[in-house]
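Peer 1: Before anything else, here's the structure in question.
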Amino acid sequence: MRRARTLTHAATGAVLAAALLGGCGGAGPAPTTGETVTTPATAAEQTATNPVWPSNFPDPQVIRDGERWVAIATNGNGMNVQTLHSDDLATWTQGSDALPQLPAWSTKGKVWAPEAHRFGDKWVLYYTTMAPDPAIQCISLAVADKPDGPYRDTSTKPLVCEQDQGGSIDASPFVAADGTAYLYWKNDGNAVGMDTWISVQRLSADGLHLEGTPKRLIRQDLPWEGQLVEAPFVWERDGVFHLFYSANDYGSDKYAVGHATASSPTGPFTKDPDPVLTSTAVAAGPGHCALFEKDGRVFMVYHAWSPDAIGDEVPGRTMWLSEVTFDGAKVSVTPPSTQLPKGL
């Protein structure tokens, strides 16, 4: 299969100069035209390889949309929420901004870590954005008819904003097999010298409201995690709830994906002692993952730096795929490799 290039050579510099590091850090993008941009692969690109999107696309999520796939990500390339489209998970083309307008209380371009889930006939997008007073990161939501938007946020204030805990970021929706919906997130404690906690709270059946009270699940307490845990994502398999999360400095090769398990979506969760996805010779600081299923197989999408350009805006954090296998409470994730998982 051929892999689509991001942009023509002439356009690449202009667009990537406006691209942002975003999600867990970054600034606002330049205005966007919202046009789809793609060019044919060169003759030398006969085989699709990782990264499946070679430009800045932080904090990605991949969603099935009928017979095609949609990917969404943190602000960049002139968009609040970047989008990509694919028919085969290997060749991607750029779409338009999934969240073209923000609520009046936020700021254009200040959008990070979007995740969407379908509730009934609507899609709900949860995202991190900047609140005005105090100027901290908080969580909001928007609604659309399709997974790639356009989403509309009619809120007058954030959904979650732990002002006394540094703010709230990295919201991740999850619906258990019994139909109960939950929202997971992280308090932005590392921004103010406090602990970081992954928390969970019940969501209403339509995904638009929080119910009950939040519960803290895990914090940074393992040597490899450094000063923080963040980016939760929960997957249910054979009655086991698998919590994937990222830890350490996102702008370094120490960033990695951890794993914990529980018999309930609200814990208690038991962590693995070591991360399940770490840097390799071709990908540095892999993290902020999401899982999806295709033909009975489970795949992980995540971002990673080029090892010779850690922290650089170009190419930034590119989009990668690995396969996840389960054995009871144990998981195995194929390490970042330029070779895509077989079968894609």
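Each chain of the structure tokens is named A, B, ... in the order shown, its residues numbered from 1; ligands are numbered from 1 in display order.
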Quick one: everything within 9 Å of Asp274 of chain A, counting only C-alpha atoms, minus sequence neighbours fewer than 5 positions away in the same chain. Send it as a list of chain:residue names.
Peer 2: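 Once the adjacent positions are removed, what remains is A:Leu222, A:Trp224, A:Gly258, A:His259.
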Peer 1: Listing only residues of segment 226-288 of chain A within 12 Å of segment 108-129 of chain A, what is the closest atom pair and its distance in Å (to one decimal) for each, using only C-alpha atoms, sorted by chain and residue number ascending, as a Markdown table?
Peer 2:
| residue | atom | partner | partner_atom | distance |
| --- | --- | --- | --- | --- |
| A:Glu230 | CA | A:Ala113 | CA | 10.7 |
| A:Ala231 | CA | A:Ala113 | CA | 8.1 |
| A:Pro232 | CA | A:Ala113 | CA | 10.7 |
| A:Phe233 | CA | A:Glu115 | CA | 9.8 |
| A:Gly287 | CA | A:Ala113 | CA | 11.8 |
| A:His288 | CA | A:Ala113 | CA | 8.4 |
Peer 1: Counting only C-alpha atoms, what is within 9 Å of Tyr255 of chain A, bar same-chain residues fewer than 2 positions away, as a PyMOL selection string?
Peer 2: chain A and resi 224-225+246-253+257+278-279+284-287
Peer 1: Need to verify the contact set: Asp88 of chain A, 8 Å, only C-alpha atoms, exclusion of same-chain residues closer than 2 positions in sequence. Can you return it as a VMD selection string?
Peer 2: chain A and resid 68 to 69 86 90 to 91 344
Peer 1: Keeping all heavy atoms, export the residues of the selection given above as a PDB file, in the first residue's frame.
Peer 2:
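Just written: out_17.pdb:
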ATOM      1  N   ARG A  68     -14.670   3.831   6.818  1.00  0.00           N
ATOM      2  CA  ARG A  68     -13.429   4.590   6.837  1.00  0.00           C
ATOM      3  C   ARG A  68     -13.010   4.852   8.275  1.00  0.00           C
ATOM      4  O   ARG A  68     -13.693   4.464   9.223  1.00  0.00           O
ATOM      5  CB  ARG A  68     -13.582   5.911   6.083  1.00  0.00           C
ATOM      6  CG  ARG A  68     -14.517   6.892   6.779  1.00  0.00           C
ATOM      7  CD  ARG A  68     -14.488   8.267   6.159  1.00  0.00           C
ATOM      8  NE  ARG A  68     -15.265   9.218   6.949  1.00  0.00           N
ATOM      9  CZ  ARG A  68     -15.149  10.535   6.866  1.00  0.00           C
ATOM     10  NH1 ARG A  68     -14.299  11.070   5.998  1.00  0.00           N
ATOM     11  NH2 ARG A  68     -15.871  11.335   7.619  1.00  0.00           N
ATOM     12  N   TRP A  69     -11.879   5.537   8.420  1.00  0.00           N
ATOM     13  CA  TRP A  69     -11.337   5.863   9.731  1.00  0.00           C
ATOM     14  C   TRP A  69     -11.089   7.359   9.820  1.00  0.00           C
ATOM     15  O   TRP A  69     -10.737   8.008   8.827  1.00  0.00           O
ATOM     16  CB  TRP A  69     -10.021   5.117   9.963  1.00  0.00           C
ATOM     17  CG  TRP A  69     -10.173   3.634   9.897  1.00  0.00           C
ATOM     18  CD1 TRP A  69     -10.066   2.848   8.783  1.00  0.00           C
ATOM     19  CD2 TRP A  69     -10.496   2.758  10.982  1.00  0.00           C
ATOM     20  NE1 TRP A  69     -10.291   1.538   9.109  1.00  0.00           N
ATOM     21  CE2 TRP A  69     -10.556   1.447  10.441  1.00  0.00           C
ATOM     22  CE3 TRP A  69     -10.730   2.942  12.345  1.00  0.00           C
ATOM     23  CZ2 TRP A  69     -10.845   0.338  11.238  1.00  0.00           C
ATOM     24  CZ3 TRP A  69     -11.016   1.834  13.129  1.00  0.00           C
ATOM     25  CH2 TRP A  69     -11.068   0.552  12.579  1.00  0.00           C
ATOM     26  N   SER A  86      -8.822   8.055   6.533  1.00  0.00           N
ATOM     27  CA  SER A  86      -8.147   6.912   5.922  1.00  0.00           C
ATOM     28  C   SER A  86      -9.150   5.812   5.607  1.00  0.00           C
ATOM     29  O   SER A  86     -10.151   5.634   6.316  1.00  0.00           O
ATOM     30  CB  SER A  86      -7.066   6.363   6.866  1.00  0.00           C
ATOM     31  OG  SER A  86      -6.445   5.209   6.312  1.00  0.00           O
ATOM     32  N   ALA A  90      -3.385   3.013   6.929  1.00  0.00           N
ATOM     33  CA  ALA A  90      -1.988   3.182   6.533  1.00  0.00           C
ATOM     34  C   ALA A  90      -1.769   4.435   5.695  1.00  0.00           C
ATOM     35  O   ALA A  90      -0.721   5.074   5.785  1.00  0.00           O
ATOM     36  CB  ALA A  90      -1.508   1.956   5.750  1.00  0.00           C
ATOM     37  N   THR A  91      -2.742   4.791   4.889  1.00  0.00           N
ATOM     38  CA  THR A  91      -2.667   5.979   4.049  1.00  0.00           C
ATOM     39  C   THR A  91      -3.676   7.001   4.554  1.00  0.00           C
ATOM     40  O   THR A  91      -4.867   6.693   4.651  1.00  0.00           O
ATOM     41  CB  THR A  91      -2.981   5.629   2.587  1.00  0.00           C
ATOM     42  OG1 THR A  91      -2.055   4.644   2.130  1.00  0.00           O
ATOM     43  CG2 THR A  91      -2.887   6.869   1.698  1.00  0.00           C
ATOM     44  N   LEU A 344      -2.298  -4.745   8.266  1.00  0.00           N
ATOM     45  CA  LEU A 344      -2.797  -3.409   7.928  1.00  0.00           C
ATOM     46  C   LEU A 344      -2.434  -3.071   6.486  1.00  0.00           C
ATOM     47  O   LEU A 344      -1.389  -3.497   5.997  1.00  0.00           O
ATOM     48  CB  LEU A 344      -2.195  -2.363   8.871  1.00  0.00           C
ATOM     49  CG  LEU A 344      -2.741  -2.356  10.298  1.00  0.00           C
ATOM     50  CD1 LEU A 344      -2.079  -1.243  11.086  1.00  0.00           C
ATOM     51  CD2 LEU A 344      -4.250  -2.130  10.298  1.00  0.00           C
TER      52      LEU A 344
END
Peer 1: If you count only C-alpha atoms, which residues fall within 8 Å of Arg297 of chain A, apart from same-chain ones fewer than 6 positions away, as JSON, numbers by chain?
Peer 2: {"A": [323, 324, 325]}
Peer 1: Could those residues be written to a file, using all heavy atoms, as a PDB file, in the first residue's frame?
Peer 2:
ATOM      1  N   GLU A 323       0.317  -2.825  17.816  1.00  0.00           N
ATOM      2  CA  GLU A 323      -0.735  -3.770  18.152  1.00  0.00           C
ATOM      3  C   GLU A 323      -0.678  -4.123  19.630  1.00  0.00           C
ATOM      4  O   GLU A 323       0.408  -4.229  20.210  1.00  0.00           O
ATOM      5  CB  GLU A 323      -0.636  -5.039  17.307  1.00  0.00           C
ATOM      6  CG  GLU A 323      -1.818  -5.982  17.515  1.00  0.00           C
ATOM      7  CD  GLU A 323      -1.915  -7.096  16.501  1.00  0.00           C
ATOM      8  OE1 GLU A 323      -0.999  -7.194  15.641  1.00  0.00           O
ATOM      9  OE2 GLU A 323      -2.897  -7.861  16.550  1.00  0.00           O
ATOM     10  N   VAL A 324      -1.849  -4.318  20.230  1.00  0.00           N
ATOM     11  CA  VAL A 324      -1.967  -4.667  21.643  1.00  0.00           C
ATOM     12  C   VAL A 324      -2.591  -6.053  21.752  1.00  0.00           C
ATOM     13  O   VAL A 324      -3.620  -6.329  21.122  1.00  0.00           O
ATOM     14  CB  VAL A 324      -2.837  -3.651  22.409  1.00  0.00           C
ATOM     15  CG1 VAL A 324      -2.874  -3.980  23.897  1.00  0.00           C
ATOM     16  CG2 VAL A 324      -2.339  -2.228  22.183  1.00  0.00           C
ATOM     17  N   THR A 325      -1.992  -6.917  22.539  1.00  0.00           N
ATOM     18  CA  THR A 325      -2.576  -8.236  22.812  1.00  0.00           C
ATOM     19  C   THR A 325      -2.796  -8.376  24.310  1.00  0.00           C
ATOM     20  O   THR A 325      -2.038  -7.832  25.122  1.00  0.00           O
ATOM     21  CB  THR A 325      -1.677  -9.368  22.301  1.00  0.00           C
ATOM     22  OG1 THR A 325      -0.355  -9.219  22.842  1.00  0.00           O
ATOM     23  CG2 THR A 325      -1.595  -9.348  20.788  1.00  0.00           C
TER      24      THR A 325
END
Peer 1: Tell me, in Å to one decimal, how far atom CA of Pro58 of chain A is from atom CA of Met319 of chain A.
Peer 2: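 Going from atom CA of Pro58 of chain A over to atom CA of Met319 of chain A, I get 7.3 Å.
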Peer 1: So that I can check the surroundings of Ile72 of chain A, please list as a PyMOL selection string every protein, DNA and RNA residue that reaches within 9 Å of it, counting only C-alpha atoms and ignoring chain neighbours fewer than 2 positions away.
Peer 2: chain A and resi 57+59-63+70+74+81-84+98+113-116+147-148
Peer 1: Using only C-alpha atoms, can you tell me which of A:Met194, A:Pro315, A:Trp305, A:Asp97 comes closest to Lys254 of chain A?
Peer 2: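 Among the listed residues, the smallest separation from Lys254 of chain A belongs to A:Trp305.
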Peer 1: For a test of reading the model, state the distance in Å between atom CA of Cys289 of chain A and atom CA of Ala181 of chain A, rounded to one decimal.
Peer 2: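 Computed distance, atom CA of Cys289 of chain A to atom CA of Ala181 of chain A, equals 19.7 Å.
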Peer 1: Using only C-alpha atoms, determine which residues lie at most 12 Å from Leu89 of chain A, disregarding the query and same-chain residues fewer than 5 positions distant; provide the list as a VMD selection string.
Peer 2: chain A and resid 1 to 4 48 to 53 62 to 64 67 to 71 84 292 to 294 299 to 301 319 to 322 340 to 344
Peer 1: Looking at A:Glu313, A:Asp206, A:Glu236, A:Asp308, which one is nearest to Phe326 of chain A, with distances taken over only C-alpha atoms?
Peer 2: A:Glu236
Peer 1: I'd like to know which residues of segment 76-278 of chain A are strand (DSSP E) (by DSSP, run on the backbone); could you write them as an NGL selection string?
Peer 2: :A and (82-86 or 92-94 or 111-119 or 122-130 or 137-144 or 168-175 or 181-187 or 197-203 or 210-219 or 229-237 or 240-247 or 256-262 or 270-271)
Peer 1: As an exercise, work out the distance from atom CA of Tyr182 of chain A to atom CA of Val200 of chain A in Å and give it to one decimal place.
Peer 2: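 Separating atom CA of Tyr182 of chain A from atom CA of Val200 of chain A is a distance of 6.6 Å.
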Peer 1: Measuring between only C-alpha atoms, which one of A:Leu203, A:Ala256, A:Ala104, A:Val234 shows the shortest distance to Arg152 of chain A?
Peer 2: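 Among the listed residues, the smallest separation from Arg152 of chain A belongs to A:Ala104.
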Peer 1: Could you check the closest approach to Gly226 of chain A for each of A:Thr196, A:Thr261, A:Ser204, A:Ser55 and tell me which residue wins, using only C-alpha atoms?
Peer 2: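 Smallest distance to Gly226 of chain A is found for A:Thr196.
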Peer 1: Please determine, counting only C-alpha atoms, which residue among A:Ala329, A:Gln201, A:Gly296, A:Leu208 has the shortest atom-to-atom distance to Phe241 of chain A.
Peer 2: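 For Phe241 of chain A, the nearest of the candidates is A:Ala329.
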Peer 1: Would you return as a ChimeraX atom specification the members of segment 41-248 of chain A that DSSP assigns to helix (DSSP H, G or I) on this structure's backbone?
Peer 2: /A:163-165,189-191,223-225
Peer 1: Looking at A:Gln220, A:Tyr302, A:Val331, A:Asp295, which one is nearest to Leu243 of chain A, with distances taken over only C-alpha atoms?
Peer 2: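 Of all the options, A:Val331 lies closest to Leu243 of chain A.
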